[in-house]
Amino acid sequence: MEYKKSFYFLRHGQTDSNVSGVYSDDANPPLNSRGKEQSTEVKNLIKTLDIATVCHSPLSRVIETMELCSDHLECERVEVSHLRECSLSVWMNMVKARSEKDVKAFVKQVIDGLSHSLTFPGPVLIIAHGGVHWAICQHLEISKDHEWYLKNCGLVEFLPEPNNSWSAKIIE
């Protein structure tokens, strides 16, 4: 990745699909009431950060999350299509730790989106999806002490290390 600077990542708030575990490639579910609460609650953490740019997925649950948690920020907001969630088949291959062609293509898509996002003034807050978080962790070879599964409205700081590696820490 060309731009080696720290950034923040926020997973969108909860949807009914997150609760039921029923997913569809065509679905673009909105936040449920709990997701709206989570998005408003995480605003308190975001207020402590010095965010210069917000980059986000084009899907509605992310846009809703962004509007609720960052309305206080006076910064540019950039929609990045490469930060959209993967398909259900890619997700199933990811959780089964299969290194399929479609998983590799999704990781490349996400890294292209991440690289584009990090061209903007930082610190950058990326608001996207659980699969995007997974792909970033895979690509940056985040150590096993950082759980790849991120709860709804989980906030993570990704930091470049001096030895050309990366670390990630959940902000609570």
# chains A, B, ... in the order shown; residues from 1 in each chain; ligands from 1
>>> residues_around(residues="Leu118 (chain A)", least_positions_apart="2", cutoff="10 Å", atoms="only C-alpha atoms", output="MDAnalysis selection string")
chainID A and resid 1:7 53 55 113:116 120:126
>>> residues_around(residues="region 39-52 of chain A", least_positions_apart="3", cutoff="9 Å", atoms="only C-alpha atoms", output="PyMOL selection string")
chain A and resi 8+12-14+34-36+64-76+120-125+152-155+171-172
>>> write_last_selection(atoms="N, CA and C atoms", output="CSV table (one decimal), in the first residue's frame")
chain,number,residue,atom,x,y,z
A,8,TYR,N,-8.5,5.4,10.9
A,8,TYR,CA,-9.5,4.8,11.8
A,8,TYR,C,-10.5,4.0,10.9
A,12,HIS,N,-20.4,-0.2,10.3
A,12,HIS,CA,-21.7,0.3,10.4
A,12,HIS,C,-22.5,-0.2,11.6
A,13,GLY,N,-23.6,0.5,11.9
A,13,GLY,CA,-24.5,0.1,13.0
A,13,GLY,C,-25.3,-1.1,12.6
A,14,GLN,N,-26.0,-1.7,13.6
A,14,GLN,CA,-26.7,-2.9,13.4
A,14,GLN,C,-27.9,-2.8,12.5
A,34,ARG,N,-31.6,-0.2,17.1
A,34,ARG,CA,-30.4,-0.4,17.8
A,34,ARG,C,-29.2,0.1,17.1
A,35,GLY,N,-29.2,-0.1,15.8
A,35,GLY,CA,-28.1,0.4,14.9
A,35,GLY,C,-28.0,2.0,14.9
A,36,LYS,N,-29.2,2.6,15.0
A,36,LYS,CA,-29.2,4.1,15.1
A,36,LYS,C,-28.7,4.5,16.5
A,64,GLU,N,-26.2,5.9,6.6
A,64,GLU,CA,-26.9,6.3,7.9
A,64,GLU,C,-26.0,6.4,9.1
A,65,THR,N,-25.1,5.4,9.2
A,65,THR,CA,-24.2,5.4,10.3
A,65,THR,C,-23.3,6.7,10.3
A,66,MET,N,-22.8,7.0,9.1
A,66,MET,CA,-22.0,8.2,8.9
A,66,MET,C,-22.7,9.4,9.3
A,67,GLU,N,-23.9,9.6,8.9
A,67,GLU,CA,-24.7,10.8,9.1
A,67,GLU,C,-25.0,10.9,10.6
A,68,LEU,N,-25.2,9.8,11.3
A,68,LEU,CA,-25.5,9.9,12.8
A,68,LEU,C,-24.2,10.1,13.6
A,69,CYS,N,-23.1,9.6,13.2
A,69,CYS,CA,-21.9,9.6,14.1
A,69,CYS,C,-21.0,10.7,13.8
A,70,SER,N,-21.1,11.3,12.6
A,70,SER,CA,-20.1,12.3,12.2
A,70,SER,C,-20.7,13.7,11.8
A,71,ASP,N,-22.0,13.9,12.2
A,71,ASP,CA,-22.6,15.2,11.8
A,71,ASP,C,-21.9,16.4,12.5
A,72,HIS,N,-21.2,16.2,13.5
A,72,HIS,CA,-20.4,17.3,14.2
A,72,HIS,C,-19.1,17.6,13.5
A,73,LEU,N,-18.6,16.8,12.6
A,73,LEU,CA,-17.3,17.0,12.0
A,73,LEU,C,-17.5,18.0,10.8
A,74,GLU,N,-16.5,18.9,10.8
A,74,GLU,CA,-16.4,19.8,9.7
A,74,GLU,C,-15.3,19.3,8.8
A,75,CYS,N,-15.6,18.3,7.9
A,75,CYS,CA,-14.6,17.7,7.1
A,75,CYS,C,-15.3,17.2,5.8
A,76,GLU,N,-14.4,16.9,4.9
A,76,GLU,CA,-14.9,16.3,3.6
A,76,GLU,C,-15.4,14.9,3.9
A,120,PHE,N,-6.5,11.2,0.9
A,120,PHE,CA,-7.1,12.4,1.4
A,120,PHE,C,-6.4,12.8,2.7
A,121,PRO,N,-6.6,14.1,3.1
A,121,PRO,CA,-6.0,14.6,4.3
A,121,PRO,C,-6.4,13.7,5.5
A,122,GLY,N,-5.5,13.4,6.4
A,122,GLY,CA,-5.7,12.6,7.5
A,122,GLY,C,-5.7,13.4,8.8
A,123,PRO,N,-6.1,12.7,9.9
A,123,PRO,CA,-6.5,11.3,9.9
A,123,PRO,C,-7.8,11.1,9.2
A,124,VAL,N,-7.9,9.9,8.6
A,124,VAL,CA,-9.0,9.5,7.8
A,124,VAL,C,-9.8,8.5,8.6
A,125,LEU,N,-11.2,8.7,8.6
A,125,LEU,CA,-12.1,7.7,9.2
A,125,LEU,C,-12.8,7.0,8.1
A,152,ASN,N,-20.9,-4.4,15.5
A,152,ASN,CA,-21.5,-3.2,14.9
A,152,ASN,C,-21.1,-1.9,15.6
A,153,CYS,N,-20.7,-0.9,14.9
A,153,CYS,CA,-20.1,0.3,15.4
A,153,CYS,C,-18.8,0.1,16.2
A,154,GLY,N,-18.1,-1.0,15.9
A,154,GLY,CA,-16.8,-1.1,16.5
A,154,GLY,C,-15.9,-0.2,15.8
A,155,LEU,N,-15.0,0.5,16.6
A,155,LEU,CA,-14.1,1.5,16.1
A,155,LEU,C,-12.6,1.0,16.3
A,171,ILE,N,-10.9,0.9,19.8
A,171,ILE,CA,-11.1,2.1,20.7
A,171,ILE,C,-12.4,1.9,21.4
A,172,GLU,N,-12.4,2.0,22.7
A,172,GLU,CA,-13.7,1.8,23.4
A,172,GLU,C,-13.8,2.9,24.4
>>> select_by_dssp(residues="region 30-105 of chain A", states="strand (DSSP E)", output="ChimeraX atom specification")
/A:53-56,76-79
>>> residues_around(residues="region 129-145 of chain A", least_positions_apart="5", cutoff="6 Å", atoms="only C-alpha atoms", output="mmCIF file with N, CA and C atoms, in the first residue's frame")
data_model
loop_
_atom_site.group_PDB
_atom_site.id
_atom_site.type_symbol
_atom_site.label_atom_id
_atom_site.label_comp_id
_atom_site.auth_asym_id
_atom_site.auth_seq_id
_atom_site.Cartn_x
_atom_site.Cartn_y
_atom_site.Cartn_z
ATOM 1 N N ARG A 11 -17.138 0.081 11.740
ATOM 2 C CA ARG A 11 -18.153 -0.755 11.090
ATOM 3 C C ARG A 11 -19.518 -0.102 11.299
ATOM 4 N N GLU A 85 -19.476 -3.813 0.706
ATOM 5 C CA GLU A 85 -19.380 -5.169 1.258
ATOM 6 C C GLU A 85 -19.297 -6.204 0.137
ATOM 7 N N VAL A 107 -10.435 -8.747 -1.645
ATOM 8 C CA VAL A 107 -9.352 -8.105 -0.899
ATOM 9 C C VAL A 107 -8.699 -7.022 -1.771
ATOM 10 N N SER A 167 -0.326 -2.493 13.174
ATOM 11 C CA SER A 167 -1.047 -2.960 14.356
ATOM 12 C C SER A 167 -2.446 -2.352 14.311
#
>>> atom_distance(atom1="CA of Glu157 (chain A)", atom2="CA of Lys101 (chain A)")
28.6 Å
>>> residues_around(residues="Lys169 (chain A)", least_positions_apart="4", cutoff="8 Å", atoms="only C-alpha atoms", output="PyMOL selection string")
chain A and resi 146+156-158
>>> write_last_selection(atoms="C-alpha atoms", output="PDB file, in the first residue's frame")
ATOM      1  CA  HIS A 146      -6.768  -8.447  16.920  1.00  0.00           C
ATOM      2  CA  VAL A 156     -10.484   0.511  15.294  1.00  0.00           C
ATOM      3  CA  GLU A 157      -7.270   2.467  14.898  1.00  0.00           C
ATOM      4  CA  PHE A 158      -4.782   1.036  12.394  1.00  0.00           C
TER       5      PHE A 158
END
>>> atom_distance(atom1="CA of Ser81 (chain A)", atom2="CA of Arg61 (chain A)")
13.9 Å
>>> atom_distance(atom1="CA of Val19 (chain A)", atom2="CA of Ser57 (chain A)")
20.7 Å
